[in-house]
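run.cif follows (mmCIF, C-alpha atoms):
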data_model
loop_
_atom_site.label_atom_id
_atom_site.label_comp_id
_atom_site.auth_asym_id
_atom_site.auth_seq_id
_atom_site.Cartn_x
_atom_site.Cartn_y
_atom_site.Cartn_z
CA MET A 1 -54.93 -111.30 74.15
CA PRO A 2 -56.01 -110.33 77.67
CA CYS A 3 -56.51 -106.83 79.04
CA CYS A 4 -57.75 -105.58 82.40
CA ASN A 5 -57.24 -102.83 84.92
CA ILE A 6 -54.81 -103.09 87.82
CA ASP A 7 -57.11 -104.86 90.30
CA GLY A 8 -59.02 -106.99 87.79
CA SER A 9 -62.35 -105.26 88.40
CA ASN A 10 -62.64 -104.44 84.67
CA LYS A 11 -61.63 -107.48 82.61
CA LEU A 12 -62.18 -106.96 78.90
CA PRO A 13 -63.23 -109.95 76.78
CA LEU A 14 -60.20 -111.78 75.42
CA MET A 15 -59.20 -110.82 71.90
CA PHE A 16 -59.08 -114.06 69.91
CA LEU A 17 -57.16 -114.19 66.64
CA GLY A 18 -57.93 -116.93 64.12
CA THR A 19 -56.87 -117.59 60.54
CA SER A 20 -60.38 -117.63 59.07
CA GLN A 21 -62.68 -114.63 58.88
CA ASN A 22 -65.79 -116.79 59.19
CA PRO A 23 -65.01 -120.23 60.65
CA ARG A 24 -67.86 -122.67 60.18
CA ASP A 25 -68.01 -123.36 63.93
CA LEU A 26 -68.74 -119.72 64.75
CA PRO A 27 -71.81 -117.55 64.20
CA LYS A 28 -71.78 -114.95 61.45
CA ASP A 29 -72.44 -112.28 64.05
CA LYS A 30 -69.22 -112.39 66.07
CA SER A 31 -70.74 -110.13 68.73
CA ASP A 32 -72.53 -113.26 70.01
CA LEU A 33 -69.17 -114.69 71.09
CA PRO A 34 -67.74 -114.21 74.61
CA VAL A 35 -64.49 -112.98 72.99
CA TYR A 36 -63.55 -110.24 70.53
CA TYR A 37 -62.84 -112.33 67.41
CA LYS A 38 -60.67 -111.15 64.52
CA SER A 39 -58.64 -112.93 61.86
CA SER A 40 -55.32 -112.61 60.08
CA LYS A 41 -53.41 -114.93 57.74
CA LYS A 42 -51.18 -116.36 60.47
CA ALA A 43 -53.39 -115.47 63.45
CA TRP A 44 -50.85 -112.81 64.43
CA MET A 45 -51.59 -109.36 65.77
CA ASN A 46 -51.01 -106.47 63.37
CA ARG A 47 -51.39 -102.70 63.54
CA ASP A 48 -54.82 -102.52 61.91
CA LEU A 49 -56.29 -105.21 64.16
CA PHE A 50 -54.84 -103.63 67.27
CA LYS A 51 -56.16 -100.21 66.30
CA GLN A 52 -59.63 -101.72 65.77
CA TRP A 53 -59.48 -103.35 69.19
CA PHE A 54 -58.32 -100.13 70.87
CA PHE A 55 -61.15 -97.98 69.47
CA GLU A 56 -63.90 -100.62 69.35
CA GLN A 57 -63.19 -102.42 72.63
CA PHE A 58 -60.79 -100.65 74.95
CA ILE A 59 -62.13 -97.09 74.87
CA PRO A 60 -65.82 -98.10 75.17
CA SER A 61 -64.97 -100.52 78.00
CA VAL A 62 -63.16 -97.83 79.98
CA GLN A 63 -65.98 -95.35 79.43
CA ASN A 64 -68.69 -97.84 80.45
CA PHE A 65 -66.74 -98.93 83.53
CA ALA A 66 -66.22 -95.31 84.57
CA GLN A 67 -69.89 -94.48 84.11
CA GLN A 68 -71.02 -97.51 86.15
CA ASN A 69 -68.67 -96.59 88.99
CA GLY A 70 -69.19 -92.82 88.98
CA ARG A 71 -65.65 -92.04 87.83
CA GLU A 72 -64.12 -89.81 85.22
CA PRO A 73 -63.28 -91.90 82.12
CA ARG A 74 -59.48 -91.73 82.27
CA ALA A 75 -57.01 -94.53 81.56
CA LEU A 76 -53.43 -95.29 80.57
CA LEU A 77 -53.04 -98.51 78.59
CA LEU A 78 -49.61 -100.03 79.24
CA LEU A 79 -48.21 -101.87 76.19
CA ASP A 80 -45.02 -103.63 75.24
CA ASN A 81 -43.11 -101.79 72.53
CA CYS A 82 -44.09 -104.07 69.65
CA SER A 83 -44.51 -102.81 66.09
CA ALA A 84 -47.88 -104.57 65.91
CA HIS A 85 -49.14 -102.09 68.50
CA HIS A 86 -48.13 -98.89 66.73
CA ASP A 87 -46.67 -97.53 63.51
CA GLY A 88 -44.97 -94.48 64.95
CA GLY A 89 -47.61 -92.19 63.47
CA THR A 90 -51.13 -93.12 64.60
CA ILE A 91 -52.02 -91.65 67.98
CA LEU A 92 -53.86 -94.18 70.10
CA GLU A 93 -56.07 -92.10 72.35
CA SER A 94 -59.69 -91.09 72.79
CA ASN A 95 -61.04 -87.89 71.23
CA ASP A 96 -60.79 -86.05 74.53
CA GLY A 97 -57.26 -87.35 75.18
CA LYS A 98 -58.23 -88.86 78.55
CA ILE A 99 -57.71 -92.47 77.43
CA LYS A 100 -54.29 -93.08 75.91
CA VAL A 101 -51.39 -95.48 75.51
CA ILE A 102 -47.89 -95.57 77.00
CA PHE A 103 -45.21 -98.03 75.89
CA LEU A 104 -42.69 -100.01 77.89
CA PRO A 105 -39.05 -99.71 76.76
CA PRO A 106 -37.96 -102.26 74.15
CA ASN A 107 -37.07 -105.81 75.20
CA VAL A 108 -38.50 -105.73 78.72
CA THR A 109 -41.82 -107.49 78.10
CA SER A 110 -40.83 -110.66 79.95
CA LEU A 111 -39.61 -108.58 82.91
CA GLY A 112 -42.37 -106.04 83.38
CA GLN A 113 -45.45 -106.47 81.16
CA PRO A 114 -48.15 -107.36 83.73
CA MET A 115 -50.04 -109.92 81.63
CA ASP A 116 -46.72 -111.69 81.01
CA GLN A 117 -46.05 -112.06 84.74
CA GLY A 118 -47.94 -115.32 85.15
CA VAL A 119 -51.44 -114.22 84.09
CA LEU A 120 -51.33 -115.65 80.56
CA HIS A 121 -49.72 -118.80 81.90
CA ALA A 122 -52.51 -119.21 84.47
CA VAL A 123 -55.14 -118.84 81.72
CA LYS A 124 -53.45 -121.47 79.56
CA LYS A 125 -53.14 -123.94 82.43
CA ARG A 126 -56.85 -123.67 83.15
CA HIS A 127 -57.62 -124.10 79.47
CA LYS A 128 -55.51 -127.28 79.33
CA LYS A 129 -57.35 -128.67 82.36
CA LYS A 130 -60.70 -128.12 80.63
CA LEU A 131 -59.35 -129.71 77.46
CA MET A 132 -58.18 -132.87 79.25
CA LEU A 133 -61.40 -133.10 81.27
CA HIS A 134 -63.39 -132.95 78.03
CA LEU A 135 -61.26 -135.69 76.45
CA LEU A 136 -61.79 -137.87 79.50
CA LEU A 137 -65.56 -137.40 79.71
CA ASP A 138 -66.29 -137.36 75.97
CA ASP A 139 -68.40 -140.42 75.16
CA THR A 140 -67.29 -140.65 71.52
CA ASP A 141 -66.38 -144.13 70.29
CA CYS A 142 -63.11 -142.94 68.76
CA SER A 143 -60.12 -144.46 70.56
CA ILE A 144 -57.39 -142.56 68.66
CA PHE A 145 -56.22 -139.49 70.57
CA GLU A 146 -55.60 -137.30 67.49
CA GLU A 147 -59.09 -138.09 66.14
CA ARG A 148 -60.69 -137.12 69.45
CA LEU A 149 -58.82 -133.81 69.32
CA LYS A 150 -60.11 -133.14 65.79
CA LYS A 151 -63.68 -133.39 67.06
CA ILE A 152 -63.17 -130.38 69.32
CA SER A 153 -64.69 -127.28 67.76
CA LEU A 154 -63.27 -123.77 67.68
CA ARG A 155 -66.33 -122.62 69.64
CA GLN A 156 -65.50 -125.06 72.43
CA VAL A 157 -61.94 -123.74 72.59
CA ILE A 158 -63.21 -120.14 72.73
CA ASP A 159 -65.64 -121.00 75.53
CA TRP A 160 -62.91 -122.76 77.54
CA LEU A 161 -60.55 -119.81 77.15
CA HIS A 162 -63.30 -117.37 78.13
CA GLN A 163 -64.07 -119.42 81.25
CA SER A 164 -60.35 -119.69 82.07
CA TRP A 165 -59.90 -115.91 81.81
CA ASP A 166 -63.01 -115.37 83.95
CA GLU A 167 -61.54 -117.63 86.66
CA ILE A 168 -58.36 -115.56 87.08
CA SER A 169 -58.59 -113.90 90.48
CA HIS A 170 -58.07 -110.27 91.44
CA LYS A 171 -55.16 -111.40 93.60
CA THR A 172 -53.32 -112.90 90.64
CA ILE A 173 -53.86 -109.78 88.52
CA GLU A 174 -52.75 -107.40 91.26
CA GLY A 175 -49.63 -109.49 91.81
CA SER A 176 -48.69 -109.24 88.14
CA TRP A 177 -47.85 -105.54 88.63
CA LYS A 178 -45.10 -106.22 91.20
CA ASN A 179 -42.25 -105.16 88.88
CA LEU A 180 -43.88 -101.83 88.03
CA LEU A 181 -45.68 -100.47 91.09
CA ASP A 182 -44.63 -100.30 94.73
CA GLU A 183 -48.27 -100.57 95.82
CA TYR A 184 -48.21 -104.28 95.01
CA PRO A 185 -44.82 -105.47 96.37
CA LEU A 186 -45.93 -109.04 97.13
CA PHE A 187 -46.30 -111.29 94.12
CA ASP A 188 -48.20 -114.42 95.07
CA LEU A 189 -49.64 -116.14 92.03
CA GLU A 190 -51.62 -118.39 94.34
CA GLU A 191 -48.91 -121.05 94.35
CA ALA A 192 -51.12 -123.54 96.17
CA GLU A 193 -53.81 -123.19 93.52
CA SER A 194 -51.22 -123.37 90.72
CA GLY A 195 -49.80 -126.57 92.19
CA SER A 196 -53.29 -128.00 92.52
CA LEU A 197 -53.93 -127.21 88.85
CA ASP A 198 -50.76 -129.05 87.86
CA ASN A 199 -51.82 -132.09 89.88
CA ASP A 200 -55.32 -132.01 88.40
CA VAL A 201 -54.04 -131.92 84.83
CA LEU A 202 -51.46 -134.59 85.58
CA ALA A 203 -54.21 -136.88 86.87
CA LEU A 204 -56.43 -136.14 83.87
CA VAL A 205 -53.65 -136.92 81.39
CA LYS A 206 -52.92 -140.18 83.19
CA ALA A 207 -56.63 -141.05 83.12
CA THR A 208 -56.70 -140.64 79.33
CA ALA A 209 -53.38 -142.46 78.76
CA HIS A 210 -55.10 -145.32 76.91
CA PHE A 211 -55.77 -142.90 74.02
CA TYR A 212 -52.08 -142.16 73.41
CA GLN A 213 -49.72 -144.13 71.24
CA GLU A 214 -46.97 -143.46 73.77
CA ASN A 215 -47.68 -143.07 77.45
CA PRO A 216 -46.34 -139.61 78.51
CA SER A 217 -44.14 -139.33 81.57
CA ASN A 218 -44.76 -136.87 84.40
CA ASP A 219 -41.93 -134.72 83.04
CA ASP A 220 -43.50 -134.72 79.56
CA ILE A 221 -46.80 -133.51 81.01
CA LYS A 222 -45.14 -130.80 83.10
CA ASP A 223 -43.21 -129.59 80.04
CA TRP A 224 -46.49 -129.37 78.12
CA LEU A 225 -48.14 -127.47 80.97
CA ASN A 226 -45.26 -124.99 81.11
CA ASP A 227 -44.86 -124.57 77.32
CA SER A 228 -41.44 -126.23 77.34
CA VAL A 229 -42.15 -128.83 74.68
CA CYS A 230 -39.30 -129.60 72.25
CA ASP A 231 -39.29 -131.19 68.84
CA SER A 232 -37.36 -134.35 67.90
CA LYS A 233 -34.17 -132.29 67.50
CA GLY A 234 -34.41 -130.77 70.97
CA ASN A 235 -35.51 -127.33 69.76
CA LYS A 236 -38.15 -125.65 71.89
CA ILE A 237 -41.52 -125.38 70.18
CA ILE A 238 -42.59 -121.74 70.41
CA GLY A 239 -45.79 -121.30 72.41
CA ASP A 240 -48.78 -119.51 70.92
CA CYS A 241 -48.69 -116.82 73.63
CA ASP A 242 -45.03 -115.95 73.33
CA VAL A 243 -44.12 -112.41 72.34
CA TYR A 244 -42.05 -112.27 69.16
CA THR A 245 -39.57 -109.61 68.14
CA ASP A 246 -39.79 -108.15 64.64
CA ASN A 247 -36.71 -110.14 63.60
CA GLU A 248 -38.21 -113.40 64.89
CA ILE A 249 -41.38 -112.81 62.87
CA LEU A 250 -39.38 -112.00 59.74
CA ASP A 251 -37.17 -115.06 60.19
CA SER A 252 -40.22 -117.27 60.60
CA VAL A 253 -41.92 -115.97 57.46
CA LEU A 254 -38.75 -116.06 55.36
CA HIS A 255 -37.92 -119.58 56.51
CA GLU A 256 -41.44 -120.79 55.72
CA ASN A 257 -41.46 -119.25 52.25
CA LYS A 258 -37.96 -120.42 51.30
CA ALA A 259 -38.22 -123.00 48.53
CA GLU A 260 -36.30 -126.25 48.67
CA PRO A 261 -33.52 -126.55 46.01
CA ASP A 262 -35.39 -129.26 44.08
CA GLU A 263 -38.55 -127.12 44.03
CA GLU A 264 -37.00 -124.01 42.50
#
Spit out the file's structure as structure tokens when you get a sec.
Amino acid sequence: MPCCNIDGSNKLPLMFLGTSQNPRDLPKDKSDLPVYYKSSKKAWMNRDLFKQWFFEQFIPSVQNFAQQNGREPRALLLLDNCSAHHDGGTILESNDGKIKVIFLPPNVTSLGQPMDQGVLHAVKKRHKKKLMLHLLLDDTDCSIFEERLKKISLRQVIDWLHQSWDEISHKTIEGSWKNLLDEYPLFDLEEAESGSLDNDVLALVKATAHFYQENPSNDDIKDWLNDSVCDSKGNKIIGDCDVYTDNEILDSVLHENKAEPDEE
């Protein structure tokens, strides 16, 4: 989960949600990580985790940034109206009321939430480039693609995501506010750079093609880059950065827990 101010001059560490409280690849002291690490059963955000992040990360970050720049510590945190972000009762604001939250209307996340306007996608593309570069340069003897993937540690993934987030430019972040503020009317997500990233990853995948059981086509790779991968039945595989509605989460959990007739 990314968070930053409107011009990208204060980029908070990514919040990283895993399924294990203490993964063996990570240090016991999670403050040594370049991300804010928390865990939940399905690696989903919930109200308690978000509240922890707001008071432990967001408020101190705003206050420190204000102090370093000689400003009054004031901020409005813009959030999509998701139940994981609030329970209708807890007030998310600092003790002095100068740092608080405002919510977008329901069902407009894909249209207006700044981080959803290409920023998350840019982070994921950079992460995929680092992943493919690692697979290409890794000197392990294993020739099976899936086995090479299994050798990648959670700490490596965290470091790649941290580096990818750090590489996102101020220009990209400013442009992500185009649907909300007139001050940033031109949205240019550095199309030339984005196209270059696509070409880089395409070349890297082709260079590692001898590891795959089936050689992927250019369209397959582009679908993977743009989170448009489908299963064998043609159903889109939901990306890990998609925003789910409450009903989608409930349907997923109920479907997973539903026993087969011969197992009842």
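Considering the residues A:Trp177, A:Phe55, A:Gly112, A:Met132 and counting all atoms listed in the file, Asn95 of chain A has its shortest atom-to-atom contact with A:Phe55.
Distance check against Phe65 of chain A using only C-alpha atoms: of A:Cys4, A:Ala203, A:Val123, A:Leu136, the minimum falls on A:Cys4.
Of the listed residues (A:Leu104, A:Leu92, A:Leu131, A:Met15), A:Met15 comes nearest to Ser31 of chain A; the distances count only C-alpha atoms.
Residues lying within 9 Å of Met115 of chain A, counting only C-alpha atoms and ignoring same-chain neighbours fewer than 6 positions away, are Pro2, Cys3, Cys4, His121, Ile173, Ser176 and Trp177 of chain A.
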Atoms to include: C-alpha atoms. Write the selected residues as a short mmCIF file (atom, residue, chain, number, x, y, z; two decimals), keeping the file's coordinate frame.
data_model
loop_
_atom_site.label_atom_id
_atom_site.label_comp_id
_atom_site.auth_asym_id
_atom_site.auth_seq_id
_atom_site.Cartn_x
_atom_site.Cartn_y
_atom_site.Cartn_z
CA PRO A 2 -56.01 -110.33 77.67
CA CYS A 3 -56.51 -106.83 79.04
CA CYS A 4 -57.75 -105.58 82.40
CA HIS A 121 -49.72 -118.80 81.90
CA ILE A 173 -53.86 -109.78 88.52
CA SER A 176 -48.69 -109.24 88.14
CA TRP A 177 -47.85 -105.54 88.63
#
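Coordinates place atom CA of Asp159 of chain A at a distance of 11.4 Å from atom CA of Pro13 of chain A.
Between Lys128 of chain A and the candidates A:Ser9, A:Gln57, A:Ser169, A:Ser164, the tightest atom-to-atom separation, counting all atoms listed in the file, involves A:Ser164.
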* To do: Just give me the residues with any atom within 12 Å of (-52.6, -109.6, 67.0), file coordinates, counting only C-alpha atoms, written as JSON, numbers by chain.
  => {"A": [1, 2, 14, 15, 16, 17, 18, 19, 36, 37, 38, 39, 40, 41, 42, 43, 44, 45, 46, 47, 48, 49, 50, 51, 52, 53, 54, 82, 83, 84, 85, 86, 240, 241, 242, 243, 244]}
Would you put the residues from that selection into a file with C-alpha atoms, as a PDB file, in the coordinates of the input?
ATOM      1  CA  MET A   1     -54.930-111.300  74.150  1.00  0.00           C
ATOM      2  CA  PRO A   2     -56.010-110.330  77.670  1.00  0.00           C
ATOM      3  CA  LEU A  14     -60.200-111.780  75.420  1.00  0.00           C
ATOM      4  CA  MET A  15     -59.200-110.820  71.900  1.00  0.00           C
ATOM      5  CA  PHE A  16     -59.080-114.060  69.910  1.00  0.00           C
ATOM      6  CA  LEU A  17     -57.160-114.190  66.640  1.00  0.00           C
ATOM      7  CA  GLY A  18     -57.930-116.930  64.120  1.00  0.00           C
ATOM      8  CA  THR A  19     -56.870-117.590  60.540  1.00  0.00           C
ATOM      9  CA  TYR A  36     -63.550-110.240  70.530  1.00  0.00           C
ATOM     10  CA  TYR A  37     -62.840-112.330  67.410  1.00  0.00           C
ATOM     11  CA  LYS A  38     -60.670-111.150  64.520  1.00  0.00           C
ATOM     12  CA  SER A  39     -58.640-112.930  61.860  1.00  0.00           C
ATOM     13  CA  SER A  40     -55.320-112.610  60.080  1.00  0.00           C
ATOM     14  CA  LYS A  41     -53.410-114.930  57.740  1.00  0.00           C
ATOM     15  CA  LYS A  42     -51.180-116.360  60.470  1.00  0.00           C
ATOM     16  CA  ALA A  43     -53.390-115.470  63.450  1.00  0.00           C
ATOM     17  CA  TRP A  44     -50.850-112.810  64.430  1.00  0.00           C
ATOM     18  CA  MET A  45     -51.590-109.360  65.770  1.00  0.00           C
ATOM     19  CA  ASN A  46     -51.010-106.470  63.370  1.00  0.00           C
ATOM     20  CA  ARG A  47     -51.390-102.700  63.540  1.00  0.00           C
ATOM     21  CA  ASP A  48     -54.820-102.520  61.910  1.00  0.00           C
ATOM     22  CA  LEU A  49     -56.290-105.210  64.160  1.00  0.00           C
ATOM     23  CA  PHE A  50     -54.840-103.630  67.270  1.00  0.00           C
ATOM     24  CA  LYS A  51     -56.160-100.210  66.300  1.00  0.00           C
ATOM     25  CA  GLN A  52     -59.630-101.720  65.770  1.00  0.00           C
ATOM     26  CA  TRP A  53     -59.480-103.350  69.190  1.00  0.00           C
ATOM     27  CA  PHE A  54     -58.320-100.130  70.870  1.00  0.00           C
ATOM     28  CA  CYS A  82     -44.090-104.070  69.650  1.00  0.00           C
ATOM     29  CA  SER A  83     -44.510-102.810  66.090  1.00  0.00           C
ATOM     30  CA  ALA A  84     -47.880-104.570  65.910  1.00  0.00           C
ATOM     31  CA  HIS A  85     -49.140-102.090  68.500  1.00  0.00           C
ATOM     32  CA  HIS A  86     -48.130 -98.890  66.730  1.00  0.00           C
ATOM     33  CA  ASP A 240     -48.780-119.510  70.920  1.00  0.00           C
ATOM     34  CA  CYS A 241     -48.690-116.820  73.630  1.00  0.00           C
ATOM     35  CA  ASP A 242     -45.030-115.950  73.330  1.00  0.00           C
ATOM     36  CA  VAL A 243     -44.120-112.410  72.340  1.00  0.00           C
ATOM     37  CA  TYR A 244     -42.050-112.270  69.160  1.00  0.00           C
TER      38      TYR A 244
END
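Between Lys100 of chain A and the residues A:Val62, A:Leu133, A:Leu250, A:Ile168, the shortest atom-to-atom distance, using only C-alpha atoms, involves A:Val62.
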Applying 10 Å and all atoms listed in the file, which residues near Asn5 of chain A remain after dropping the ones on its own chain fewer than 2 positions away? List them as a CSV table (one decimal) with C-alpha atoms, in the coordinates of the input.
chain,number,residue,atom,x,y,z
A,3,CYS,CA,-56.5,-106.8,79.0
A,7,ASP,CA,-57.1,-104.9,90.3
A,8,GLY,CA,-59.0,-107.0,87.8
A,9,SER,CA,-62.4,-105.3,88.4
A,10,ASN,CA,-62.6,-104.4,84.7
A,11,LYS,CA,-61.6,-107.5,82.6
A,12,LEU,CA,-62.2,-107.0,78.9
A,62,VAL,CA,-63.2,-97.8,80.0
A,75,ALA,CA,-57.0,-94.5,81.6
A,76,LEU,CA,-53.4,-95.3,80.6
A,77,LEU,CA,-53.0,-98.5,78.6
A,78,LEU,CA,-49.6,-100.0,79.2
A,170,HIS,CA,-58.1,-110.3,91.4
A,173,ILE,CA,-53.9,-109.8,88.5
A,174,GLU,CA,-52.8,-107.4,91.3
